[in-house]
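**Student:** Take a look at protein.csv, CSV, C-alpha atoms and all ligand atoms:
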```
chain,number,residue,atom,x,y,z
A,1,MET,CA,41.1,240.4,79.9
A,2,THR,CA,43.2,242.5,82.3
A,3,ILE,CA,44.8,241.1,85.5
A,4,LEU,CA,45.4,243.6,88.3
A,5,VAL,CA,48.2,242.8,90.7
A,6,ILE,CA,48.1,244.7,94.0
A,7,GLY,CA,51.3,243.9,95.8
A,8,SER,CA,54.9,244.6,96.8
A,9,VAL,CA,57.7,246.0,94.7
A,10,ASN,CA,61.3,245.3,95.9
A,11,ALA,CA,64.8,245.5,94.8
A,12,ASP,CA,66.5,242.1,95.7
A,13,LEU,CA,70.0,242.2,97.1
A,14,THR,CA,71.2,238.6,96.6
A,15,VAL,CA,74.3,236.7,97.8
A,16,GLN,CA,75.1,233.2,96.8
A,17,ALA,CA,76.7,231.2,99.7
A,18,ALA,CA,77.5,227.6,100.5
A,19,ARG,CA,74.7,227.6,103.1
A,20,ILE,CA,72.3,229.9,104.8
A,21,PRO,CA,73.9,231.3,108.1
A,22,ALA,CA,72.6,230.0,111.4
A,23,PRO,CA,71.6,232.7,114.0
A,24,GLY,CA,74.7,234.5,115.2
A,25,GLU,CA,76.9,233.0,112.4
A,26,THR,CA,78.7,234.8,109.6
A,27,VAL,CA,79.1,233.0,106.2
A,28,LEU,CA,81.3,234.3,103.4
A,29,GLY,CA,79.4,234.4,100.0
A,30,GLY,CA,79.9,235.5,96.4
A,31,ASP,CA,79.4,238.9,94.9
A,32,ALA,CA,76.2,240.7,95.7
A,33,ARG,CA,73.7,241.3,92.9
A,34,VAL,CA,70.8,243.8,92.8
A,35,SER,CA,67.8,242.7,90.7
A,36,ALA,CA,64.1,243.3,90.5
A,37,GLY,CA,61.8,241.5,93.0
A,38,GLY,CA,58.9,241.8,95.4
A,39,LYS,CA,56.2,239.1,95.3
A,40,GLY,CA,53.6,241.5,93.7
A,41,ALA,CA,56.0,242.7,91.0
A,42,ASN,CA,57.3,239.2,90.4
A,43,GLN,CA,53.8,237.8,89.8
A,44,ALA,CA,52.9,240.7,87.6
A,45,VAL,CA,55.9,240.0,85.4
A,46,ALA,CA,55.2,236.3,85.3
A,47,ALA,CA,51.6,236.9,84.2
A,48,ALA,CA,52.7,239.4,81.5
A,49,LEU,CA,55.4,237.0,80.2
A,50,ALA,CA,52.6,234.4,79.9
A,51,GLY,CA,50.7,236.7,77.6
A,52,ALA,CA,48.2,238.5,79.9
A,53,HIS,CA,47.6,242.2,79.9
A,54,VAL,CA,48.7,243.2,83.5
A,55,ALA,CA,48.5,246.3,85.6
A,56,LEU,CA,50.4,246.6,88.9
A,57,CYS,CA,49.2,248.7,91.9
A,58,GLY,CA,51.9,249.2,94.5
A,59,ALA,CA,54.4,251.7,95.8
A,60,VAL,CA,58.1,252.6,95.5
A,61,GLY,CA,60.3,255.4,96.9
A,62,SER,CA,61.2,258.7,95.2
A,63,GLN,CA,63.2,259.2,92.0
A,64,SER,CA,66.3,259.8,94.1
A,65,ASP,CA,66.0,256.4,95.8
A,66,PRO,CA,68.8,254.2,94.6
A,67,PHE,CA,66.7,251.1,94.6
A,68,ARG,CA,63.7,252.5,92.7
A,69,LEU,CA,65.0,251.9,89.2
A,70,PRO,CA,66.3,248.4,89.8
A,71,ALA,CA,63.0,247.5,91.4
A,72,LEU,CA,61.0,248.7,88.4
A,73,ALA,CA,63.3,247.4,85.6
A,74,GLY,CA,61.6,244.0,85.2
A,75,LEU,CA,58.1,245.5,85.2
A,76,LYS,CA,59.0,247.9,82.5
A,77,ARG,CA,60.7,245.3,80.4
A,78,ALA,CA,57.7,243.0,80.6
A,79,ASP,CA,55.3,245.9,79.7
A,80,VAL,CA,53.3,245.8,82.9
A,81,GLU,CA,51.0,248.9,83.1
A,82,LEU,CA,52.3,251.2,85.9
A,83,SER,CA,49.6,253.9,85.9
A,84,LEU,CA,48.5,252.7,89.4
A,85,LEU,CA,52.0,252.7,90.9
A,86,HIS,CA,52.5,255.3,93.7
A,87,THR,CA,55.6,257.1,94.7
A,88,LEU,CA,55.7,257.5,98.5
A,89,ASP,CA,58.0,259.3,100.9
A,90,ALA,CA,59.8,256.1,102.0
A,91,PRO,CA,62.6,253.9,100.8
A,92,THR,CA,61.8,251.4,98.0
A,93,GLY,CA,61.3,247.9,99.4
A,94,LEU,CA,64.5,245.9,99.7
A,95,ALA,CA,64.8,242.1,100.1
A,96,LEU,CA,68.0,240.7,101.5
A,97,ILE,CA,68.4,237.2,100.1
A,98,THR,CA,70.9,234.5,100.7
A,99,VAL,CA,70.8,231.6,98.2
A,100,ALA,CA,72.4,228.4,99.3
A,101,ALA,CA,74.2,225.9,97.1
A,102,GLY,CA,71.1,223.7,96.7
A,103,GLY,CA,69.1,226.6,95.4
A,104,GLU,CA,67.2,227.2,98.7
A,105,ASN,CA,66.9,230.7,100.0
A,106,ALA,CA,66.4,232.8,103.1
A,107,ILE,CA,64.8,236.2,102.7
A,108,THR,CA,64.4,239.3,105.0
A,109,VAL,CA,62.3,242.1,103.6
A,110,ALA,CA,62.7,245.7,104.5
A,111,SER,CA,59.2,246.7,103.3
A,112,GLY,CA,59.7,250.5,103.1
A,113,ALA,CA,57.2,252.0,100.7
A,114,ASN,CA,55.2,248.7,100.6
A,115,ALA,CA,54.4,249.1,104.3
A,116,ARG,CA,53.2,252.7,103.8
A,117,PHE,CA,50.8,251.6,101.0
A,118,GLY,CA,47.3,252.1,102.6
A,119,PRO,CA,43.7,251.4,101.5
A,120,GLU,CA,43.6,255.0,100.3
A,121,HIS,CA,46.1,254.0,97.5
A,122,LEU,CA,43.8,251.3,96.1
A,123,PRO,CA,42.3,252.0,92.7
A,124,ALA,CA,39.0,254.0,92.5
A,125,ASP,CA,37.9,252.3,89.3
A,126,TRP,CA,37.8,248.5,88.9
A,127,SER,CA,36.2,248.5,85.4
A,128,GLY,CA,37.9,246.6,82.6
A,129,LEU,CA,39.5,244.2,85.0
A,130,THR,CA,38.7,240.5,85.2
A,131,HIS,CA,41.2,239.1,87.8
A,132,LEU,CA,42.9,240.4,90.9
A,133,LEU,CA,46.1,238.7,92.1
A,134,LEU,CA,47.1,239.3,95.7
A,135,GLN,CA,49.9,238.2,98.0
A,136,GLN,CA,50.7,239.1,101.6
A,137,GLU,CA,53.6,241.5,101.5
A,138,LEU,CA,51.3,244.6,101.9
A,139,ALA,CA,49.5,245.4,105.1
A,140,PRO,CA,46.7,242.9,105.9
A,141,ALA,CA,44.1,245.7,105.9
A,142,VAL,CA,45.0,246.6,102.4
A,143,THR,CA,44.9,243.1,101.1
A,144,ARG,CA,41.6,242.4,102.7
A,145,GLU,CA,40.0,245.6,101.4
A,146,ALA,CA,41.4,245.0,97.9
A,147,ALA,CA,39.8,241.5,97.9
A,148,ARG,CA,36.5,242.9,99.2
A,149,ARG,CA,36.3,245.6,96.6
A,150,ALA,CA,37.4,243.3,93.7
A,151,HIS,CA,34.9,240.6,94.7
A,152,ALA,CA,32.1,243.2,94.9
A,153,ALA,CA,33.1,244.5,91.4
A,154,GLY,CA,32.8,240.9,90.0
A,155,LEU,CA,36.5,240.1,89.6
A,156,THR,CA,38.0,236.7,90.2
A,157,VAL,CA,40.2,237.0,93.2
A,158,ILE,CA,43.4,234.9,93.4
A,159,LEU,CA,45.3,235.1,96.6
A,160,ASN,CA,48.8,233.7,97.2
A,161,ALA,CA,49.1,233.5,101.0
A,162,ALA,CA,52.9,234.3,100.9
A,163,PRO,CA,54.6,235.1,103.1
A,164,ALA,CA,52.7,233.2,105.8
A,165,ARG,CA,51.1,235.7,108.2
A,166,GLU,CA,47.9,236.2,110.1
A,167,MET,CA,44.9,236.1,107.7
A,168,ASP,CA,41.4,237.0,108.7
A,169,ALA,CA,38.2,235.3,107.7
A,170,ALA,CA,37.1,238.2,105.5
A,171,LEU,CA,40.1,237.9,103.2
A,172,LEU,CA,39.4,234.2,102.6
A,173,ALA,CA,35.7,234.8,102.2
A,174,HIS,CA,36.5,237.1,99.3
A,175,THR,CA,39.0,234.8,97.7
A,176,HIS,CA,38.1,232.5,94.7
A,177,HIS,CA,41.4,230.7,94.3
A,178,LEU,CA,43.9,230.3,97.2
A,179,ILE,CA,47.5,229.3,96.5
A,180,VAL,CA,49.7,228.2,99.5
A,181,ASN,CA,52.9,226.3,100.1
A,182,GLU,CA,53.1,223.6,102.8
A,183,HIS,CA,54.2,226.1,105.5
A,184,GLU,CA,51.4,228.5,104.6
A,185,LEU,CA,48.9,225.6,104.6
A,186,ALA,CA,50.0,224.6,108.1
A,187,ALA,CA,49.8,228.1,109.3
A,188,LEU,CA,46.2,228.5,108.0
A,189,VAL,CA,45.0,225.2,109.4
A,190,GLY,CA,46.9,225.7,112.7
A,191,ARG,CA,48.8,222.5,112.7
A,192,THR,CA,51.6,220.6,110.9
A,193,VAL,CA,50.2,218.7,107.9
A,194,ASP,CA,51.7,215.3,106.9
A,195,GLN,CA,52.0,214.5,103.2
A,196,ASP,CA,49.0,212.1,103.3
A,197,GLU,CA,46.8,214.8,104.9
A,198,LEU,CA,47.4,217.5,102.4
A,199,ALA,CA,44.2,217.1,100.4
A,200,VAL,CA,42.1,216.9,103.6
A,201,ALA,CA,43.8,220.0,105.0
A,202,ALA,CA,43.3,221.9,101.7
A,203,GLN,CA,39.7,220.8,101.5
A,204,SER,CA,39.0,222.2,105.0
A,205,LEU,CA,39.9,225.7,103.6
A,206,LEU,CA,37.2,225.4,100.9
A,207,LYS,CA,34.6,225.9,103.7
A,208,LEU,CA,36.0,229.3,104.4
A,209,GLY,CA,35.4,230.8,101.0
A,210,PRO,CA,37.7,229.8,98.2
A,211,GLY,CA,36.3,227.6,95.3
A,212,ALA,CA,39.8,226.2,94.7
A,213,VAL,CA,42.9,225.7,96.9
A,214,THR,CA,46.3,224.9,95.4
A,215,VAL,CA,49.2,223.7,97.5
A,216,THR,CA,52.6,224.1,95.8
A,217,LEU,CA,55.0,221.3,96.8
A,218,GLY,CA,58.3,222.3,95.2
A,219,ALA,CA,60.0,219.3,93.7
A,220,GLN,CA,56.8,217.3,94.4
A,221,GLY,CA,54.6,219.5,92.1
A,222,SER,CA,51.3,220.7,93.3
A,223,LEU,CA,47.9,219.6,94.6
A,224,THR,CA,44.7,221.4,93.9
A,225,VAL,CA,41.3,220.8,95.5
A,226,THR,CA,37.9,222.1,94.4
A,227,PRO,CA,34.5,221.0,95.8
A,228,ASP,CA,34.5,218.2,93.1
A,229,MET,CA,38.1,217.3,92.3
A,230,VAL,CA,41.5,216.6,93.8
A,231,TYR,CA,44.2,217.2,91.2
A,232,ARG,CA,47.8,216.2,91.7
A,233,LEU,CA,50.4,217.5,89.3
A,234,PRO,CA,54.0,216.2,89.3
A,235,ALA,CA,56.8,218.7,89.0
A,236,HIS,CA,58.8,219.1,85.8
A,237,SER,CA,62.2,217.7,86.6
A,238,VAL,CA,64.9,220.4,86.5
A,239,GLN,CA,68.4,221.2,87.7
A,240,VAL,CA,67.7,223.7,90.6
A,241,ILE,CA,70.0,226.7,90.8
A,242,ASP,CA,67.9,229.2,92.7
A,243,THR,CA,64.3,228.8,93.8
A,244,THR,CA,63.7,232.6,94.4
A,245,GLY,CA,60.6,233.7,92.5
A,246,ALA,CA,59.5,230.2,91.5
A,247,GLY,CA,56.3,230.4,93.6
A,248,ASP,CA,55.6,233.8,92.1
A,249,THR,CA,56.1,232.4,88.6
A,250,PHE,CA,53.6,229.7,89.4
A,251,CYS,CA,51.0,232.2,90.6
A,252,GLY,CA,51.5,234.7,87.8
A,253,VAL,CA,51.3,232.1,85.1
A,254,LEU,CA,48.3,230.4,86.7
A,255,ALA,CA,46.5,233.8,86.8
A,256,ALA,CA,47.4,234.5,83.2
A,257,ARG,CA,46.3,231.2,81.8
A,258,LEU,CA,43.0,231.2,83.8
A,259,SER,CA,42.3,234.7,82.6
A,260,GLY,CA,42.9,233.6,79.1
A,261,GLY,CA,40.3,230.8,79.4
A,262,ASP,CA,42.4,227.7,80.1
A,263,PRO,CA,40.6,225.0,82.1
A,264,LEU,CA,42.1,224.7,85.6
A,265,PRO,CA,44.2,221.5,85.0
A,266,GLN,CA,45.7,223.0,81.9
A,267,ALA,CA,46.5,226.3,83.6
A,268,LEU,CA,48.1,224.4,86.5
A,269,HIS,CA,50.2,222.4,84.1
A,270,TRP,CA,51.6,225.6,82.4
A,271,ALA,CA,52.2,227.2,85.8
A,272,GLY,CA,54.2,224.2,87.1
A,273,LEU,CA,56.2,224.0,84.0
A,274,ALA,CA,57.1,227.8,84.1
A,275,ALA,CA,57.9,227.6,87.8
A,276,GLY,CA,60.3,224.7,87.2
A,277,LEU,CA,62.1,226.6,84.5
A,278,ALA,CA,62.4,229.6,86.9
A,279,CYS,CA,64.4,227.4,89.3
A,280,THR,CA,67.1,226.8,86.6
A,281,ARG,CA,68.4,230.4,86.6
A,282,PRO,CA,69.4,232.9,89.4
A,283,GLY,CA,67.1,235.7,90.5
A,284,ALA,CA,63.4,236.3,90.7
A,285,GLN,CA,62.1,238.2,87.6
A,286,ASP,CA,65.5,237.6,85.9
A,287,SER,CA,64.9,233.8,86.1
A,288,MET,CA,61.4,233.8,84.6
A,289,PRO,CA,61.0,232.0,81.3
A,290,SER,CA,59.6,233.7,78.2
A,291,TRP,CA,56.4,232.1,76.9
A,292,ALA,CA,58.4,230.7,73.9
A,293,GLU,CA,60.7,229.0,76.4
A,294,VAL,CA,57.8,227.4,78.2
A,295,VAL,CA,56.3,226.1,75.0
A,296,GLU,CA,59.7,224.8,73.9
A,297,ALA,CA,60.1,223.0,77.3
A,298,GLU,CA,56.6,221.4,76.8
A,299,LYS,CA,57.7,220.0,73.4
A,300,LEU,CA,60.8,218.5,74.9
A,301,ARG,CA,59.0,216.8,77.8
A,401,LIG,O1,59.1,235.5,96.4
A,401,LIG,C1,60.4,236.0,96.2
A,401,LIG,C2,60.4,237.5,96.5
A,401,LIG,O2,60.2,237.6,97.9
A,401,LIG,C3,61.7,238.2,96.3
A,401,LIG,O3,61.8,238.7,95.0
A,401,LIG,C4,61.7,239.2,97.4
A,401,LIG,O4,61.7,240.5,97.0
A,401,LIG,C5,60.6,238.9,98.4
A,401,LIG,O5,59.6,239.7,98.2
```
Now that the file is in, can you turn its structure into structure tokens?
**Tutor:**
Amino acid sequence: MTILVIGSVNADLTVQAARIPAPGETVLGGDARVSAGGKGANQAVAAALAGAHVALCGAVGSQSDPFRLPALAGLKRADVELSLLHTLDAPTGLALITVAAGGENAITVASGANARFGPEHLPADWSGLTHLLLQQELAPAVTREAARRAHAAGLTVILNAAPAREMDAALLAHTHHLIVNEHELAALVGRTVDQDELAVAAQSLLKLGPGAVTVTLGAQGSLTVTPDMVYRLPAHSVQVIDTTGAGDTFCGVLAARLSGGDPLPQALHWAGLAAGLACTRPGAQDSMPSWAEVVEAEKLR
């Protein structure tokens, strides 16, 4: 069972501050920290930590790029297969992150090599793969083409629609399981969605292709709809330090557990638990729990 993640690889440059600056404002923060990030790389690491065999297809800058090594450190540590990683003539992706006292963040991504990754960099051979995990930090044409080819090759396609951006019908048509947060759900349905309308809004997306839609709700847990069930999962209560990478942890662990054969409610449970733990430590990949920590947390619940 091998999961292929096609997505972004970034170095994260993070500053902790009392609050996120308003437009035009300067806020003094703590020391800057460079760590491994990028939604694609984060989800690959989360899936690998949850026990899956994972390969990542993406792009970084050359050996002389100062952010290449920090961007790849977490992937190497988690034993993610990197034979499909491309080195392009562009800077490694860099995310500028401010984390506020309550754990909330604001992120600006300088995409660099991620933006130069084209359909020509997609794998030629899809054999031996069971699941494809996608996000939206690569060019829309790449994500759409990856979903189309994976679907045609018989893979299960899981799409995390983060960050929210324009999505065309073909991408949704090739997606088996869609994962969105409330903002991304609102962007997809084209209107604000009240709490009591979440299930109806998510169900409306089932008509466009996915067989399951999960809405992640932060401290409120998650909601998943399929044609025959609505499943609400409360969040594991934690002390939040930094939410960076929590959504990626959810997606990676969900993909890993589904690829390992867990029924959907069970896989969602593990994903929510791991995502909660990821909020208790700073960083994206640095905050992700080992599988032993997830199992331990389950025993203590
Ligand atoms: O989802 C968190 C990630 O978003 C960060 O690691 C950053 O690199 C951006 O891609």
**Student:** Which chains and residue numbers are within 9 Å of ligand LIG 401 (chain A), counting only C-alpha atoms and all ligand atoms, if I want them as a ChimeraX atom specification?
**Tutor:** /A:8-13,35-43,93-97,107-109,111,137,162-163,243-249,283-285
**Student:** Where does segment 188-280 of chain A meet segment 165-176 of chain A within 10 Å, residue by residue, with the nearest atom pair and distance in Å to one decimal for each, counting only C-alpha atoms, listed by chain and rising number, as CSV?
**Tutor:**
```
residue,atom,partner,partner_atom,distance
A:Leu188,CA,A:Met167,CA,7.7
A:Leu205,CA,A:Leu172,CA,8.6
A:Leu206,CA,A:Leu172,CA,9.2
A:Lys207,CA,A:Ala173,CA,9.1
A:Leu208,CA,A:Ala173,CA,5.9
A:Gly209,CA,A:Ala173,CA,4.2
A:Pro210,CA,A:His176,CA,4.4
A:Gly211,CA,A:His176,CA,5.3
A:Ala212,CA,A:His176,CA,6.5
A:Val213,CA,A:His176,CA,8.6
```
**Student:** Give the answer as one residue: which of A:Ile3, A:His177, A:Pro23, A:Pro119 has the shortest atom-to-atom distance to Arg144 of chain A, using only C-alpha atoms?
**Tutor:** A:Pro119
**Student:** One number please: atom CA of Ala278 of chain A to atom CA of Gly221 of chain A, in Å, one decimal.
**Tutor:**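 A separation of 13.8 Å between them.
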**Student:** Return the single residue from A:Ile179, A:Val225, A:Leu258, A:Ala153 that is closest to Ala201 of chain A, with distances computed using only C-alpha atoms.
**Tutor:**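 Of A:Ile179, A:Val225, A:Leu258, A:Ala153, the one nearest Ala201 of chain A, counting only C-alpha atoms, is A:Val225.
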**Student:** Hey, can you check how far atom CA of Ala256 of chain A sits from atom CA of Ala50 of chain A?
**Tutor:** 6.2 Å
**Student:** Hey, can you check how far atom CA of Leu223 of chain A sits from atom CA of Gln203 of chain A?
**Tutor:**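 One can read the atom CA of Leu223 of chain A to atom CA of Gln203 of chain A distance as 10.8 Å.
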**Student:** Would you please work out which residue, of A:Leu134, A:Val5, A:Leu264, A:Ala17, is nearest to Asn105 of chain A when using only C-alpha atoms?
**Tutor:**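 The answer is A:Ala17, which sits nearest to Asn105 of chain A.
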